[in-house]
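Engineer: Following this line is my_file-v3.cif, made up of mmCIF, C-alpha atoms:
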data_work
loop_
_atom_site.group_PDB
_atom_site.id
_atom_site.type_symbol
_atom_site.label_atom_id
_atom_site.label_comp_id
_atom_site.auth_asym_id
_atom_site.auth_seq_id
_atom_site.Cartn_x
_atom_site.Cartn_y
_atom_site.Cartn_z
ATOM 1 C CA MET A 1 154.776 75.922 155.339
ATOM 2 C CA LYS A 2 154.592 72.588 153.526
ATOM 3 C CA SER A 3 153.597 72.365 149.855
ATOM 4 C CA PHE A 4 150.404 70.557 150.839
ATOM 5 C CA ASP A 5 149.417 73.488 153.050
ATOM 6 C CA PHE A 6 149.988 75.865 150.134
ATOM 7 C CA VAL A 7 147.700 73.788 147.934
ATOM 8 C CA LYS A 8 145.033 73.583 150.613
ATOM 9 C CA LEU A 9 145.236 77.331 151.381
ATOM 10 C CA ALA A 10 144.889 78.216 147.694
ATOM 11 C CA GLU A 11 141.961 75.842 147.182
ATOM 12 C CA GLU A 12 140.099 77.027 150.290
ATOM 13 C CA ASN A 13 140.305 80.634 149.082
ATOM 14 C CA ASN A 14 139.645 80.053 145.353
ATOM 15 C CA LEU A 15 143.144 81.231 144.438
ATOM 16 C CA GLN A 16 145.727 79.789 142.068
ATOM 17 C CA LEU A 17 149.104 78.202 142.632
ATOM 18 C CA VAL A 18 152.009 79.064 140.336
ATOM 19 C CA GLU A 19 155.576 77.886 140.251
ATOM 20 C CA VAL A 20 158.419 80.316 140.821
ATOM 21 C CA THR A 21 161.982 79.758 139.710
ATOM 22 C CA GLN A 22 165.130 81.448 140.928
ATOM 23 C CA GLY A 23 166.834 83.460 138.236
ATOM 24 C CA SER A 24 165.559 85.820 135.623
ATOM 25 C CA ASN A 25 165.273 83.759 132.472
ATOM 26 C CA GLY A 26 162.288 81.505 133.186
ATOM 27 C CA TYR A 27 164.300 78.273 133.251
ATOM 28 C CA PRO A 28 163.645 75.935 136.196
ATOM 29 C CA ARG A 29 166.006 76.236 139.160
ATOM 30 C CA GLY A 30 165.062 76.126 142.836
ATOM 31 C CA ILE A 31 161.338 75.863 142.051
ATOM 32 C CA TYR A 32 158.808 76.740 144.758
ATOM 33 C CA LYS A 33 155.082 77.509 144.960
ATOM 34 C CA ALA A 34 153.320 80.863 145.244
ATOM 35 C CA ILE A 35 149.671 81.813 145.653
ATOM 36 C CA VAL A 36 148.222 84.363 143.200
ATOM 37 C CA GLY A 37 144.800 85.563 142.050
ATOM 38 C CA PHE A 38 143.886 88.097 144.724
ATOM 39 C CA GLU A 39 141.132 90.572 143.910
ATOM 40 C CA ASN A 40 142.497 93.191 146.299
ATOM 41 C CA PHE A 41 145.672 93.820 148.243
ATOM 42 C CA LYS A 42 143.927 93.811 151.617
ATOM 43 C CA ASP A 43 142.985 90.138 151.157
ATOM 44 C CA ALA A 44 146.612 89.298 150.374
ATOM 45 C CA GLU A 45 147.805 91.189 153.471
ATOM 46 C CA GLU A 46 145.317 89.428 155.748
ATOM 47 C CA MET A 47 146.174 85.983 154.404
ATOM 48 C CA ALA A 48 149.921 86.693 154.647
ATOM 49 C CA GLU A 49 149.660 87.850 158.246
ATOM 50 C CA LYS A 50 147.422 84.966 159.298
ATOM 51 C CA ASN A 51 149.687 82.318 157.723
ATOM 52 C CA GLY A 52 153.150 83.815 158.230
ATOM 53 C CA LEU A 53 153.748 84.403 154.502
ATOM 54 C CA GLU A 54 155.454 87.193 152.577
ATOM 55 C CA ILE A 55 153.841 89.363 149.892
ATOM 56 C CA VAL A 56 155.945 89.649 146.730
ATOM 57 C CA THR A 57 155.673 90.765 143.131
ATOM 58 C CA LEU A 58 156.001 88.054 140.503
ATOM 59 C CA ARG A 59 156.424 88.374 136.770
ATOM 60 C CA SER A 60 156.440 85.954 133.873
ATOM 61 C CA ARG A 61 157.123 86.507 130.212
ATOM 62 C CA ASP A 62 154.560 85.244 127.702
ATOM 63 C CA GLY A 63 155.399 81.640 126.911
ATOM 64 C CA TRP A 64 157.241 80.976 130.178
ATOM 65 C CA GLN A 65 155.930 78.267 132.448
ATOM 66 C CA PHE A 66 157.503 79.782 135.553
ATOM 67 C CA PHE A 67 157.360 83.119 137.330
ATOM 68 C CA GLU A 68 160.286 85.032 138.795
ATOM 69 C CA ASN A 69 160.209 86.765 142.173
ATOM 70 C CA LEU A 70 160.895 90.511 141.931
ATOM 71 C CA GLY A 71 160.932 90.926 145.710
ATOM 72 C CA ARG A 72 158.840 92.085 148.642
ATOM 73 C CA THR A 73 156.003 94.475 147.929
ATOM 74 C CA TYR A 74 154.016 96.699 150.258
ATOM 75 C CA SER A 75 151.276 97.976 147.988
ATOM 76 C CA PRO A 76 149.173 96.901 145.013
ATOM 77 C CA PHE A 77 149.860 97.911 141.441
ATOM 78 C CA ASP A 78 148.099 101.110 140.447
ATOM 79 C CA GLU A 79 146.515 102.315 137.239
ATOM 80 C CA TYR A 80 149.817 103.917 136.189
ATOM 81 C CA ASP A 81 151.448 100.461 136.089
ATOM 82 C CA VAL A 82 148.632 99.054 133.977
ATOM 83 C CA TYR A 83 147.978 102.161 131.864
ATOM 84 C CA PRO A 84 151.322 104.022 131.492
ATOM 85 C CA THR A 85 151.198 107.810 131.180
ATOM 86 C CA ASP A 86 153.123 107.825 127.908
ATOM 87 C CA GLU A 87 150.125 106.084 126.311
ATOM 88 C CA TYR A 88 147.166 107.181 128.458
ATOM 89 C CA ASP A 89 145.734 110.274 130.120
ATOM 90 C CA HIS A 90 144.344 109.657 133.605
ATOM 91 C CA TYR A 91 141.361 111.472 135.122
ATOM 92 C CA THR A 92 140.026 111.314 138.653
ATOM 93 C CA SER A 93 136.826 112.862 140.009
ATOM 94 C CA ILE A 94 136.910 116.547 139.201
ATOM 95 C CA SER A 95 134.378 119.366 138.912
ATOM 96 C CA PHE A 96 133.234 120.678 135.531
ATOM 97 C CA ASP A 97 134.990 124.031 136.070
ATOM 98 C CA ASP A 98 138.242 122.356 137.136
ATOM 99 C CA PHE A 99 138.070 119.976 134.160
ATOM 100 C CA CYS A 100 137.589 122.855 131.715
ATOM 101 C CA ALA A 101 140.490 124.768 133.258
ATOM 102 C CA GLN A 102 142.765 121.697 133.389
ATOM 103 C CA GLU A 103 142.092 120.801 129.760
ATOM 104 C CA ASP A 104 142.039 124.439 128.565
ATOM 105 C CA VAL A 105 138.779 123.766 126.767
ATOM 106 C CA GLN A 106 138.225 127.371 125.673
ATOM 107 C CA GLY A 107 141.786 127.729 124.412
ATOM 108 C CA THR A 108 141.531 124.492 122.456
ATOM 109 C CA LEU A 109 138.196 125.459 120.930
ATOM 110 C CA ALA A 110 139.742 128.743 119.763
ATOM 111 C CA THR A 111 142.139 126.726 117.559
ATOM 112 C CA ALA A 112 139.271 125.108 115.598
ATOM 113 C CA GLY A 113 139.260 125.876 111.899
ATOM 114 C CA ASP A 114 135.501 125.552 111.543
ATOM 115 C CA PHE A 115 132.351 124.656 113.451
ATOM 116 C CA ASP A 116 132.590 120.952 112.562
ATOM 117 C CA GLU A 117 136.067 120.734 114.088
ATOM 118 C CA MET A 118 134.880 122.706 117.131
ATOM 119 C CA LEU A 119 131.891 120.386 117.545
ATOM 120 C CA ALA A 120 134.168 117.320 117.359
ATOM 121 C CA MET A 121 136.397 118.821 120.080
ATOM 122 C CA LEU A 122 133.373 119.554 122.281
ATOM 123 C CA GLU A 123 132.024 116.022 121.800
ATOM 124 C CA ASN A 124 135.389 114.591 122.846
ATOM 125 C CA TYR A 125 135.492 116.733 126.007
ATOM 126 C CA LYS A 126 131.871 115.875 126.750
ATOM 127 C CA ASP A 127 132.533 112.125 126.393
ATOM 128 C CA ILE A 128 135.500 112.314 128.767
ATOM 129 C CA PHE A 129 133.630 114.364 131.343
ATOM 130 C CA GLU A 130 130.586 112.070 131.256
ATOM 131 C CA GLN A 131 132.891 109.165 132.108
ATOM 132 C CA ILE A 132 134.402 111.218 134.950
ATOM 133 C CA GLU A 133 130.914 111.904 136.303
ATOM 134 C CA GLY A 134 130.265 108.144 136.386
ATOM 135 C CA LEU A 135 133.281 107.357 138.571
ATOM 136 C CA GLU A 136 132.817 105.485 141.834
ATOM 137 C CA ASP A 137 135.274 105.135 144.711
ATOM 138 C CA GLY A 138 138.457 103.407 143.612
ATOM 139 C CA GLU A 139 138.017 104.197 139.912
ATOM 140 C CA VAL A 140 139.656 106.477 137.340
ATOM 141 C CA VAL A 141 139.098 107.250 133.670
ATOM 142 C CA VAL A 142 141.914 106.439 131.256
ATOM 143 C CA ILE A 143 141.941 107.747 127.701
ATOM 144 C CA HIS A 144 144.261 106.205 125.116
ATOM 145 C CA ARG A 145 146.183 109.061 123.525
ATOM 146 C CA GLU A 146 146.302 107.667 119.991
ATOM 147 C CA SER A 147 142.845 106.194 119.596
ATOM 148 C CA GLY A 148 140.979 108.510 121.951
ATOM 149 C CA GLU A 149 139.201 105.477 123.384
ATOM 150 C CA GLY A 150 138.454 105.727 127.071
ATOM 151 C CA GLU A 151 137.266 103.533 129.868
ATOM 152 C CA ILE A 152 136.654 103.521 133.584
ATOM 153 C CA VAL A 153 139.209 101.334 135.379
ATOM 154 C CA LYS A 154 140.206 100.423 138.936
ATOM 155 C CA LYS A 155 142.887 102.432 140.757
ATOM 156 C CA GLU A 156 144.469 99.313 142.268
ATOM 157 C CA TYR A 157 145.313 95.892 140.846
ATOM 158 C CA CYS A 158 146.797 92.637 142.101
ATOM 159 C CA HIS A 159 147.639 91.373 138.612
ATOM 160 C CA TYR A 160 147.986 92.740 135.107
ATOM 161 C CA HIS A 161 149.515 92.038 131.705
ATOM 162 C CA TYR A 162 151.581 94.604 129.803
ATOM 163 C CA ASP A 163 153.426 94.054 126.546
ATOM 164 C CA VAL A 164 154.889 90.520 126.911
ATOM 165 C CA TRP A 165 154.929 90.472 130.732
ATOM 166 C CA GLN A 166 152.437 89.196 133.272
ATOM 167 C CA TYR A 167 152.696 90.681 136.789
ATOM 168 C CA GLY A 168 151.033 89.544 139.987
ATOM 169 C CA ILE A 169 150.915 90.018 143.734
ATOM 170 C CA ALA A 170 151.720 86.679 145.353
ATOM 171 C CA LEU A 171 152.247 84.999 148.697
ATOM 172 C CA VAL A 172 155.375 82.943 149.301
ATOM 173 C CA GLU A 173 157.118 81.481 152.305
ATOM 174 C CA LYS A 174 159.282 83.990 154.139
ATOM 175 C CA ALA A 175 162.939 83.704 153.216
#
In structure tokens, what does this structure look like?
Structural biologist:
Amino acid sequence: MKSFDFVKLAEENNLQLVEVTQGSNGYPRGIYKAIVGFENFKDAEEMAEKNGLEIVTLRSRDGWQFFENLGRTYSPFDEYDVYPTDEYDHYTSISFDDFCAQEDVQGTLATAGDFDEMLAMLENYKDIFEQIEGLEDGEVVVIHRESGEGEIVKKEYCHYHYDVWQYGIALVEKA
């Protein structure tokens, strides 16, 4: 596919073009174009199949102008890529009884030193479970372990930023 076709394809689909370099240090060498900015993996698959392109994972370090190609990919990123388990607890749709058993609510409450501490524990469990009850298809609740802050997030992603790295699902010409 010619560069012009890449530009046209990206523009027609409201996607972005990025430049990819060969090598892993972000310096320019063998530069080529890639299309990024997909909202879901299915759209990337359909566009790749229709145009004879390959789906890859790209990454770029903060401050780099170029991306590097990490290779062929067959699935989107998931919430564990974006919200790692060493920092976050993940919750999917679950019944009240299963939640209480999973979190050992009664056992935890038994460790409270007073009613104020017990009430704070109950409020925390209640907040988490209310978020779980609000989940829709394709969503999970993630709770930051240190801050206790939680939010409802998507299960699948086509791009994300973690630490100093930016990752994205992209389309490139087949090698």
Engineer: So, with only C-alpha atoms as the atoms that count, which of A:Phe99, A:Trp165, A:Val20, A:Glu173 lies closest to Arg61 in chain A?
Structural biologist: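 For Arg61 in chain A, the nearest of the candidates is A:Trp165.
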Engineer: Please measure the separation of CA of Pro76 in chain A and CA of Tyr160 in chain A, giving the value in Å to one decimal.
Structural biologist: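 Result for CA of Pro76 in chain A versus CA of Tyr160 in chain A: 10.8 Å, one decimal.
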Engineer: Show me, as a list of chain:residue names, the residues that have an atom within 8 Å of range 93-98 of chain A when counting only C-alpha atoms, minus same-chain residues fewer than 6 positions from it.
Structural biologist: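 Near range 93-98 of chain A, the qualifying residues are A:Phe129, A:Ile132, A:Glu133, A:Leu135, A:Val140.
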Engineer: Which polymer residues have any atom within 10 Å of an atom of range 43-50 of chain A, counting only C-alpha atoms, with same-chain residues fewer than 2 positions away left out, as a compact mmCIF listing (two decimals) with C-alpha atoms, keeping the file's coordinate frame?
Structural biologist:
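Generated file (part_13.txt):
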# COMPACT_ATOMS: atom_id res chain seq x y z
CA LEU A 9 145.24 77.33 151.38
CA ASN A 13 140.30 80.63 149.08
CA ILE A 35 149.67 81.81 145.65
CA VAL A 36 148.22 84.36 143.20
CA GLY A 37 144.80 85.56 142.05
CA PHE A 38 143.89 88.10 144.72
CA GLU A 39 141.13 90.57 143.91
CA ASN A 40 142.50 93.19 146.30
CA PHE A 41 145.67 93.82 148.24
CA GLY A 52 153.15 83.82 158.23
CA LEU A 53 153.75 84.40 154.50
CA GLU A 54 155.45 87.19 152.58
CA ILE A 55 153.84 89.36 149.89
CA TYR A 74 154.02 96.70 150.26
CA SER A 75 151.28 97.98 147.99
CA PRO A 76 149.17 96.90 145.01
CA CYS A 158 146.80 92.64 142.10
CA ILE A 169 150.92 90.02 143.73
CA ALA A 170 151.72 86.68 145.35
CA LEU A 171 152.25 85.00 148.70
CA VAL A 172 155.38 82.94 149.30
CA GLU A 173 157.12 81.48 152.30
CA LYS A 174 159.28 83.99 154.14
Engineer: What is the distance, in Å and to one decimal place, between CA of Thr21 in chain A and CA of Asn51 in chain A?
Structural biologist: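 CA of Asn51 in chain A lies 22.0 Å from CA of Thr21 in chain A.
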Engineer: Give one line per residue of range 115-175 of chain A that approaches range 83-92 of chain A to at most 6 Å, naming the two atoms of the closest pair and their distance in Å to one decimal, counting all atoms listed in the file; sort by chain then ascending residue number and deliver it as a Markdown table.
Structural biologist:
| residue | atom | partner | partner_atom | distance |
| --- | --- | --- | --- | --- |
| A:Val140 | CA | A:Thr92 | CA | 5.0 |
| A:Val141 | CA | A:Tyr91 | CA | 5.0 |
| A:Val142 | CA | A:His90 | CA | 4.7 |
| A:Ile143 | CA | A:Asp89 | CA | 5.2 |
| A:His144 | CA | A:Tyr88 | CA | 4.5 |
| A:Arg145 | CA | A:Tyr88 | CA | 5.4 |
Engineer: Tell me which residues the PyMOL selection byres ((chain A and resi 71) around 9) grabs here, as a list in words.
Structural biologist: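 Checked against the file, the PyMOL selection byres ((chain A and resi 71) around 9) matches Ile55, Val56, Thr57, Leu58, Asn69, Leu70, Arg72 and Thr73 of chain A.
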Engineer: With all atoms listed in the file as the basis for distance, which of A:Glu103, A:Glu117, A:Asp127, A:Glu79 is at the shortest distance from Glu139 in chain A?
Structural biologist: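 Ranking A:Glu103, A:Glu117, A:Asp127, A:Glu79 by distance to Glu139 in chain A, first place goes to A:Glu79.
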Engineer: Selection in question (the file shown): the PyMOL selection byres ((chain A and resi 63) around 10). Which residues does it include, as a VMD selection string?
Structural biologist: chain A and resid 26 60 to 62 64 to 66 164 to 165
Engineer: Mind dumping the selected residues with C-alpha atoms as a PDB file, in the frame of the given file?
Structural biologist:
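Contents of the output file selection_24.pdb:
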ATOM      1  CA  GLY A  26     162.288  81.505 133.186  1.00  0.00           C
ATOM      2  CA  SER A  60     156.440  85.954 133.873  1.00  0.00           C
ATOM      3  CA  ARG A  61     157.123  86.507 130.212  1.00  0.00           C
ATOM      4  CA  ASP A  62     154.560  85.244 127.702  1.00  0.00           C
ATOM      5  CA  TRP A  64     157.241  80.976 130.178  1.00  0.00           C
ATOM      6  CA  GLN A  65     155.930  78.267 132.448  1.00  0.00           C
ATOM      7  CA  PHE A  66     157.503  79.782 135.553  1.00  0.00           C
ATOM      8  CA  VAL A 164     154.889  90.520 126.911  1.00  0.00           C
ATOM      9  CA  TRP A 165     154.929  90.472 130.732  1.00  0.00           C
TER      10      TRP A 165
END
Engineer: Go ahead and fit an axis-aligned box to every listed atom of range 34-37 of chain A plus 4 Å each side, and pass me the centre and edge lengths in Å, one decimal, as lines of an AutoDock Vina configuration file.
Structural biologist:
center_x = 149.1
center_y = 83.2
center_z = 143.9
size_x = 16.5
size_y = 12.7
size_z = 11.6
